Amino acid sequence: MKNVLITGATGGIGSAIAKAFAQNGYNVALHTFSKPDEAKKKAEELCGNFGIKTFAVQADVSKENEVLAMFKALENDFGKID
């Protein structure tokens, strides 16, 4: 199974993209900048509905240190992003 990272996954387009990948059997990491509770809820929903692995992560992508921390957390807890 492949792993994808969807940035802006709590918005309308990002959420739809995350669902489309989940429906097609991808493990989905959901990124958010300002809505961590919503990202976690969406991750739990996708996991429950499609039986995939999910991961919710918060980061400001305009800050290099937060992006590096996000990818480190993803690699450690979720796996390599394809």
# chains A, B, ... in the order shown; residues from 1 in each chain; ligands from 1
>>> residues_around(residues="segment 3-20 of chain A", least_positions_apart="5", cutoff="10 Å", atoms="only C-alpha atoms", output="number ranges by chain")
A: 25-43, 45-46, 49-50, 52-59, 61, 71, 74, 78-82
>>> write_last_selection(atoms="C-alpha atoms", output="PDB file, in the first residue's frame")
ATOM      1  CA  GLY A  25      -6.615   2.037  -0.906  1.00  0.00           C
ATOM      2  CA  TYR A  26      -3.875   4.552  -0.156  1.00  0.00           C
ATOM      3  CA  ASN A  27      -2.729   5.284   3.395  1.00  0.00           C
ATOM      4  CA  VAL A  28      -3.338   8.992   3.940  1.00  0.00           C
ATOM      5  CA  ALA A  29      -1.456  11.564   6.013  1.00  0.00           C
ATOM      6  CA  LEU A  30      -3.582  14.665   6.508  1.00  0.00           C
ATOM      7  CA  HIS A  31      -1.755  17.969   6.980  1.00  0.00           C
ATOM      8  CA  THR A  32      -3.328  21.070   8.474  1.00  0.00           C
ATOM      9  CA  PHE A  33      -2.043  24.443   9.520  1.00  0.00           C
ATOM     10  CA  SER A  34      -4.791  25.631  11.838  1.00  0.00           C
ATOM     11  CA  LYS A  35      -7.311  22.815  12.420  1.00  0.00           C
ATOM     12  CA  PRO A  36      -5.554  19.891  14.154  1.00  0.00           C
ATOM     13  CA  ASP A  37      -8.738  18.555  15.767  1.00  0.00           C
ATOM     14  CA  GLU A  38     -10.509  18.559  12.412  1.00  0.00           C
ATOM     15  CA  ALA A  39      -7.578  16.769  10.737  1.00  0.00           C
ATOM     16  CA  LYS A  40      -7.568  14.115  13.465  1.00  0.00           C
ATOM     17  CA  LYS A  41     -11.342  13.629  13.143  1.00  0.00           C
ATOM     18  CA  LYS A  42     -11.064  13.316   9.355  1.00  0.00           C
ATOM     19  CA  ALA A  43      -8.181  10.832   9.729  1.00  0.00           C
ATOM     20  CA  GLU A  45     -13.197   8.834   9.727  1.00  0.00           C
ATOM     21  CA  LEU A  46     -11.137   7.733   6.723  1.00  0.00           C
ATOM     22  CA  ASN A  49     -14.613   3.941   6.522  1.00  0.00           C
ATOM     23  CA  PHE A  50     -11.859   2.540   4.321  1.00  0.00           C
ATOM     24  CA  ILE A  52      -6.507   2.383   5.734  1.00  0.00           C
ATOM     25  CA  LYS A  53      -3.714   3.783   7.874  1.00  0.00           C
ATOM     26  CA  THR A  54      -4.028   7.515   8.550  1.00  0.00           C
ATOM     27  CA  PHE A  55      -1.968  10.194  10.259  1.00  0.00           C
ATOM     28  CA  ALA A  56      -2.919  13.778  11.131  1.00  0.00           C
ATOM     29  CA  VAL A  57      -0.137  16.343  11.335  1.00  0.00           C
ATOM     30  CA  GLN A  58       0.007  20.086  11.948  1.00  0.00           C
ATOM     31  CA  ALA A  59       2.672  22.364  10.471  1.00  0.00           C
ATOM     32  CA  VAL A  61       4.649  25.016   5.618  1.00  0.00           C
ATOM     33  CA  PHE A  71       8.400  14.843   7.710  1.00  0.00           C
ATOM     34  CA  LEU A  74       5.632  11.097   9.288  1.00  0.00           C
ATOM     35  CA  PHE A  78       3.542   6.661   9.467  1.00  0.00           C
ATOM     36  CA  GLY A  79       6.193   5.582   6.994  1.00  0.00           C
ATOM     37  CA  LYS A  80       7.775   6.852   3.807  1.00  0.00           C
ATOM     38  CA  ILE A  81       5.646   9.145   1.657  1.00  0.00           C
ATOM     39  CA  ASP A  82       5.336   7.816  -1.869  1.00  0.00           C
TER      40      ASP A  82
END
>>> select_by_dssp(residues="chain A", states="helix (DSSP H, G or I)", output="number ranges by chain")
A: 12-23, 36-50, 64-77
>>> select_by_dssp(residues="chain A", states="strand (DSSP E)", output="CSV table (one decimal) with all heavy atoms, in the first residue's frame")
chain,number,residue,atom,x,y,z
A,3,ASN,N,1.7,5.4,0.6
A,3,ASN,CA,1.4,6.4,1.5
A,3,ASN,C,1.4,7.8,0.8
A,3,ASN,O,2.4,8.1,0.1
A,3,ASN,CB,2.4,6.5,2.7
A,3,ASN,CG,2.4,5.2,3.5
A,3,ASN,OD1,1.4,4.5,3.6
A,3,ASN,ND2,3.6,4.9,4.0
A,4,VAL,N,0.4,8.6,1.0
A,4,VAL,CA,0.4,9.9,0.5
A,4,VAL,C,0.2,11.0,1.6
A,4,VAL,O,-0.4,10.7,2.6
A,4,VAL,CB,-0.8,10.1,-0.6
A,4,VAL,CG1,-0.5,9.2,-1.8
A,4,VAL,CG2,-2.1,9.9,0.0
A,5,LEU,N,0.7,12.2,1.3
A,5,LEU,CA,0.5,13.3,2.2
A,5,LEU,C,-0.3,14.3,1.5
A,5,LEU,O,0.0,14.7,0.4
A,5,LEU,CB,1.9,13.9,2.6
A,5,LEU,CG,1.8,15.3,3.2
A,5,LEU,CD1,1.1,15.2,4.6
A,5,LEU,CD2,3.3,15.8,3.4
A,6,ILE,N,-1.5,14.7,2.1
A,6,ILE,CA,-2.3,15.7,1.5
A,6,ILE,C,-2.2,17.0,2.3
A,6,ILE,O,-2.5,17.0,3.5
A,6,ILE,CB,-3.8,15.3,1.5
A,6,ILE,CG1,-4.0,13.9,0.9
A,6,ILE,CG2,-4.7,16.3,0.8
A,6,ILE,CD1,-3.5,13.8,-0.6
A,27,ASN,N,-2.8,4.8,2.0
A,27,ASN,CA,-2.7,5.3,3.4
A,27,ASN,C,-2.6,6.8,3.3
A,27,ASN,O,-1.9,7.3,2.4
A,27,ASN,CB,-1.5,4.7,4.1
A,27,ASN,CG,-1.6,3.2,4.4
A,27,ASN,OD1,-2.7,2.7,4.7
A,27,ASN,ND2,-0.6,2.5,4.2
A,28,VAL,N,-3.3,7.5,4.1
A,28,VAL,CA,-3.3,9.0,3.9
A,28,VAL,C,-2.9,9.7,5.2
A,28,VAL,O,-3.4,9.5,6.3
A,28,VAL,CB,-4.8,9.4,3.6
A,28,VAL,CG1,-4.9,10.9,3.4
A,28,VAL,CG2,-5.3,8.7,2.4
A,29,ALA,N,-1.9,10.6,5.0
A,29,ALA,CA,-1.5,11.6,6.0
A,29,ALA,C,-2.1,12.9,5.7
A,29,ALA,O,-2.1,13.4,4.6
A,29,ALA,CB,0.1,11.7,6.0
A,30,LEU,N,-2.8,13.4,6.7
A,30,LEU,CA,-3.6,14.7,6.5
A,30,LEU,C,-2.9,15.8,7.2
A,30,LEU,O,-2.7,15.8,8.4
A,30,LEU,CB,-5.0,14.5,7.1
A,30,LEU,CG,-5.8,13.4,6.4
A,30,LEU,CD1,-5.8,12.2,7.2
A,30,LEU,CD2,-7.2,13.9,6.1
A,31,HIS,N,-2.4,16.8,6.4
A,31,HIS,CA,-1.8,18.0,7.0
A,31,HIS,C,-2.8,19.1,7.2
A,31,HIS,O,-3.7,19.3,6.4
A,31,HIS,CB,-0.7,18.5,6.0
A,31,HIS,CG,-0.3,19.9,6.2
A,31,HIS,ND1,-0.9,20.9,5.5
A,31,HIS,CD2,0.6,20.5,7.1
A,31,HIS,CE1,-0.4,22.1,6.0
A,31,HIS,NE2,0.5,21.8,6.9
A,32,THR,N,-2.6,19.8,8.2
A,32,THR,CA,-3.3,21.1,8.5
A,32,THR,C,-2.4,22.1,9.1
A,32,THR,O,-1.4,21.8,9.7
A,32,THR,CB,-4.5,20.8,9.4
A,32,THR,OG1,-5.3,22.0,9.5
A,32,THR,CG2,-4.1,20.4,10.8
A,54,THR,N,-4.0,6.1,8.7
A,54,THR,CA,-4.0,7.5,8.5
A,54,THR,C,-3.1,8.2,9.6
A,54,THR,O,-2.8,7.6,10.6
A,54,THR,CB,-5.5,8.1,8.7
A,54,THR,OG1,-6.0,7.7,10.0
A,54,THR,CG2,-6.4,7.5,7.6
A,55,PHE,N,-2.8,9.4,9.3
A,55,PHE,CA,-2.0,10.2,10.3
A,55,PHE,C,-2.3,11.7,10.1
A,55,PHE,O,-2.4,12.2,9.0
A,55,PHE,CB,-0.5,10.0,9.9
A,55,PHE,CG,0.5,10.6,10.8
A,55,PHE,CD1,0.8,9.9,12.0
A,55,PHE,CD2,1.1,11.8,10.6
A,55,PHE,CE1,1.8,10.4,12.9
A,55,PHE,CE2,2.0,12.3,11.5
A,55,PHE,CZ,2.4,11.6,12.6
A,56,ALA,N,-2.6,12.3,11.2
A,56,ALA,CA,-2.9,13.8,11.1
A,56,ALA,C,-1.7,14.5,11.7
A,56,ALA,O,-1.1,14.2,12.7
A,56,ALA,CB,-4.1,14.1,12.0
A,57,VAL,N,-1.3,15.6,11.0
A,57,VAL,CA,-0.1,16.3,11.3
A,57,VAL,C,-0.4,17.8,11.1
A,57,VAL,O,-1.0,18.2,10.1
A,57,VAL,CB,1.1,15.8,10.6
A,57,VAL,CG1,0.9,16.0,9.1
A,57,VAL,CG2,2.4,16.5,11.1
A,58,GLN,N,0.1,18.6,12.0
A,58,GLN,CA,0.0,20.1,11.9
A,58,GLN,C,1.4,20.7,11.7
A,58,GLN,O,2.4,20.3,12.3
A,58,GLN,CB,-0.6,20.6,13.3
A,58,GLN,CG,-0.7,22.1,13.2
A,58,GLN,CD,-1.3,22.7,14.6
A,58,GLN,OE1,-1.3,22.0,15.6
A,58,GLN,NE2,-1.7,23.9,14.6
